[in-house]
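To keep things clear, I will list the structure first and then write my remarks on it.
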Amino acid sequence: MSSLLSDQLATELRTINAMVHIYCRAHHSISDELCDECKSLVAYAETRLDRCPYGQQKPACRHCPIHCYKAEPKAQVQTIMRYSGPRMLLRHPLLAIRHLLNERKPFPEKPPVNVSNRYLRQQATKSSPTETQ
Ligand SMILES: [Zn+2]
């Protein structure tokens with residue numbers, strides 16, 4: 001899966017992607033391919049992670065004071081996590097344990113300044129203008 005994200009945020013997207021696959025396989029899709037709706041949900045999650053003001057220090061979304069998801073994708077993700085969360089331990093134990101540990105991390109009072117993945121990406125592009133994305 002190609003992604004704008006790196007490190008912690010990339011791992012988080014992999015976790016979401018794995019959960020969506022488990023759910024989609026059980027509810028929508030008859031192959032290993034995600035259905036269109038689930039594909040766009042993963043793409044939406046990637047955009048949100050890219051713009052998350054907590055950047056690489058982001059704790060788990062569940063306790064976040066910023067509600068950056070719109071109502072509809074938020075409800076979809078909650079349904080998917082409720083179904084796939086327990087199943088993740090069998091299918092992707094490392095991602096699952098990491099996700100559970102992350103949920104215990106406290107949230108900083110205020111997001112740090114200028115650490116979102118998108119901001120850092122744009123800075124990197126600025127400092128090397130000849131490089132293409
Ligand atoms: Zn689906």
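How things are named: the first chain in the structure tokens is A, the next is B, and so on; residues count from 1 in each chain; ligands count from 1 in the order shown.
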>> Neighbouring residues of Ala43 in chain A were defined as those with any atom within 12 Å, considering only C-alpha atoms; residues of the same chain fewer than 6 positions away were excluded. Please report them as a list of chain:residue names.
In response: A:Met1, A:Ser2, A:Ser3, A:Leu4, A:Leu5, A:Leu13, A:Arg14, A:Ile16, A:Asn17, A:Val20, A:Leu34, A:Asp36, A:Glu37, A:Leu49, A:Asp50, A:Pro73
Emit the selected residues as an mmCIF file, in the first residue's frame, including N, CA and C atoms.
```cif
data_model
loop_
_atom_site.group_PDB
_atom_site.id
_atom_site.type_symbol
_atom_site.label_atom_id
_atom_site.label_comp_id
_atom_site.auth_asym_id
_atom_site.auth_seq_id
_atom_site.Cartn_x
_atom_site.Cartn_y
_atom_site.Cartn_z
ATOM 1 N N MET A 1 0.847 -1.186 0.000
ATOM 2 C CA MET A 1 0.000 0.000 0.000
ATOM 3 C C MET A 1 0.888 1.243 0.000
ATOM 4 N N SER A 2 0.750 2.069 -0.996
ATOM 5 C CA SER A 2 1.543 3.296 -1.017
ATOM 6 C C SER A 2 0.883 4.319 -0.104
ATOM 7 N N SER A 3 1.704 5.175 0.490
ATOM 8 C CA SER A 3 1.152 6.090 1.471
ATOM 9 C C SER A 3 1.995 7.347 1.571
ATOM 10 N N LEU A 4 1.335 8.430 1.969
ATOM 11 C CA LEU A 4 2.029 9.677 2.254
ATOM 12 C C LEU A 4 2.714 9.604 3.607
ATOM 13 N N LEU A 5 2.367 8.581 4.389
ATOM 14 C CA LEU A 5 2.708 8.576 5.803
ATOM 15 C C LEU A 5 3.980 7.790 6.073
ATOM 16 N N LEU A 13 -2.045 3.610 9.964
ATOM 17 C CA LEU A 13 -2.844 3.385 8.761
ATOM 18 C C LEU A 13 -2.891 1.890 8.419
ATOM 19 N N ARG A 14 -1.767 1.182 8.607
ATOM 20 C CA ARG A 14 -1.758 -0.268 8.365
ATOM 21 C C ARG A 14 -2.751 -0.975 9.280
ATOM 22 N N ILE A 16 -5.513 0.357 10.630
ATOM 23 C CA ILE A 16 -6.866 0.664 10.158
ATOM 24 C C ILE A 16 -7.185 -0.150 8.907
ATOM 25 N N ASN A 17 -6.207 -0.197 7.999
ATOM 26 C CA ASN A 17 -6.390 -0.943 6.764
ATOM 27 C C ASN A 17 -6.688 -2.424 7.053
ATOM 28 N N VAL A 20 -10.230 -2.732 8.410
ATOM 29 C CA VAL A 20 -11.232 -2.557 7.356
ATOM 30 C C VAL A 20 -11.300 -3.820 6.485
ATOM 31 N N LEU A 34 -10.865 -4.580 -1.255
ATOM 32 C CA LEU A 34 -11.894 -3.844 -0.526
ATOM 33 C C LEU A 34 -12.985 -3.389 -1.488
ATOM 34 N N ASP A 36 -15.687 -0.499 -2.820
ATOM 35 C CA ASP A 36 -15.400 0.920 -3.072
ATOM 36 C C ASP A 36 -15.594 1.780 -1.830
ATOM 37 N N GLU A 37 -16.640 1.478 -1.084
ATOM 38 C CA GLU A 37 -16.943 2.257 0.116
ATOM 39 C C GLU A 37 -15.801 2.151 1.136
ATOM 40 N N LEU A 49 -5.002 11.243 9.046
ATOM 41 C CA LEU A 49 -3.725 11.001 9.722
ATOM 42 C C LEU A 49 -2.671 11.979 9.225
ATOM 43 N N ASP A 50 -2.688 12.232 7.924
ATOM 44 C CA ASP A 50 -1.708 13.159 7.351
ATOM 45 C C ASP A 50 -1.840 14.541 7.987
ATOM 46 N N PRO A 73 -18.116 8.910 8.326
ATOM 47 C CA PRO A 73 -16.951 8.020 8.419
ATOM 48 C C PRO A 73 -16.618 7.640 9.859
#
```
>> What residues of the protein or nucleic acid chains come within 9 Å of ligand 1 when you use only C-alpha atoms and all ligand atoms? Reply as a VMD selection string.
In response: chain A and resid 20 to 21 23 to 29 33 to 39 41
Would you put the residues from that selection into a file with C-alpha atoms, as a compact mmCIF listing (two decimals), in the first residue's frame?
```
# COMPACT_ATOMS: atom_id res chain seq x y z
CA VAL A 20 -11.23 -2.56 7.36
CA HIS A 21 -10.13 -5.66 5.43
CA TYR A 23 -14.73 -6.15 8.26
CA CYS A 24 -15.17 -5.77 4.50
CA ARG A 25 -14.35 -9.43 3.89
CA ALA A 26 -17.07 -10.43 6.35
CA HIS A 27 -19.70 -7.93 5.25
CA HIS A 28 -19.20 -6.58 1.71
CA SER A 29 -16.47 -8.00 -0.47
CA GLU A 33 -10.09 -6.42 -2.63
CA LEU A 34 -11.89 -3.84 -0.53
CA CYS A 35 -15.28 -2.67 -1.79
CA ASP A 36 -15.40 0.92 -3.07
CA GLU A 37 -16.94 2.26 0.12
CA CYS A 38 -14.24 0.74 2.30
CA LYS A 39 -11.51 1.88 -0.09
CA LEU A 41 -12.88 5.08 4.02
```
> When you draw a straight line from CA of Thr79 in chain A to CA of Lys110 in chain A, how long is it in Å?
Replying inline: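 Pair CA of Thr79 in chain A / CA of Lys110 in chain A returns 28.1 Å.
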Identify, on the basis of only C-alpha atoms, every residue whose closest approach to range 91-104 of chain A does not exceed 7 Å; exclude the query and any residue fewer than 6 positions from it along the same chain; express the result as a PDB file with C-alpha atoms, in the first residue's frame.
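Heads up, here's the output in around02.pdb:
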```pdb
ATOM      1  CA  THR A  15      -3.779  -1.091  11.479  1.00  0.00           C
ATOM      2  CA  PRO A  59      -2.136   8.804  20.800  1.00  0.00           C
ATOM      3  CA  ALA A  60      -5.074   6.568  19.861  1.00  0.00           C
TER       4      ALA A  60
END
```
> CA of Ser127 in chain A to CA of Ala10 in chain A: how many Å, to one decimal?
Replying inline: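 Rounded to one decimal, the two atoms are 22.8 Å apart.
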>> Just to confirm, what's the straight-line distance from CA of Arg51 in chain A to CA of His63 in chain A in Å (one decimal)?
In response: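 CA of Arg51 in chain A sits 17.2 Å away from CA of His63 in chain A.
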>> Residues near Val115 in chain A, anyone? I mean within 12 Å using only C-alpha atoms, not counting same-chain ones fewer than 5 positions away, as a VMD selection string.
In response: chain A and resid 9 49 to 58 120 to 123
Those selected residues, please, written with C-alpha atoms and delivered as a tab-separated table (two decimals), in the first residue's frame.
```tsv
chain	number	residue	atom	x	y	z
A	9	LEU	CA	1.37	7.18	11.33
A	49	LEU	CA	-3.73	11.00	9.72
A	50	ASP	CA	-1.71	13.16	7.35
A	51	ARG	CA	-3.33	16.29	8.78
A	52	CYS	CA	-3.45	15.20	12.44
A	53	PRO	CA	-1.93	18.04	14.48
A	54	TYR	CA	-0.37	15.53	16.90
A	55	GLY	CA	1.71	14.10	14.08
A	56	GLN	CA	4.00	11.20	14.98
A	57	GLN	CA	3.17	11.66	18.68
A	58	LYS	CA	-0.49	10.94	18.09
A	120	LEU	CA	6.51	18.25	7.58
A	121	ARG	CA	5.93	16.90	4.07
A	122	GLN	CA	5.42	20.39	2.73
A	123	GLN	CA	8.54	21.63	4.50
```
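Of the listed residues (A:Cys61, A:Ile30, A:Ile66, A:Leu90), A:Cys61 comes nearest to Gln78 in chain A; the distances count only C-alpha atoms.
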> When distances are computed from only C-alpha atoms, which of A:Val77, A:Met88, A:Met19, A:Ala124 shows the smallest separation from Arg62 in chain A?
Replying inline: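 Between A:Val77, A:Met88, A:Met19, A:Ala124, the residue approaching Arg62 in chain A most closely is A:Val77.
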>> Considering only alpha helix (DSSP H) as DSSP defines it on the backbone, what residues of range 1-126 of chain A qualify? List them as an MDAnalysis selection string.
In response: chainID A and resid 7:27 36:51 71:91 93:102 117:126
>> Here is a test: counting only C-alpha atoms, which residue of A:Ser6, A:Gln76, A:Asn117, A:Ser31 is nearest to Tyr44 in chain A?
In response: A:Gln76
> Smallest atom-to-atom distance to Glu46 in chain A: which of A:Glu12, A:Glu109, A:Tyr119, A:Asp7, using only C-alpha atoms?
Replying inline: A:Glu12
> Using only C-alpha atoms, which residue out of A:Arg118, A:Lys105, A:Arg87, A:Lys126 lies closest to Ala18 in chain A?
Replying inline: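 Ranked by minimum distance to Ala18 in chain A, first place goes to A:Arg87.
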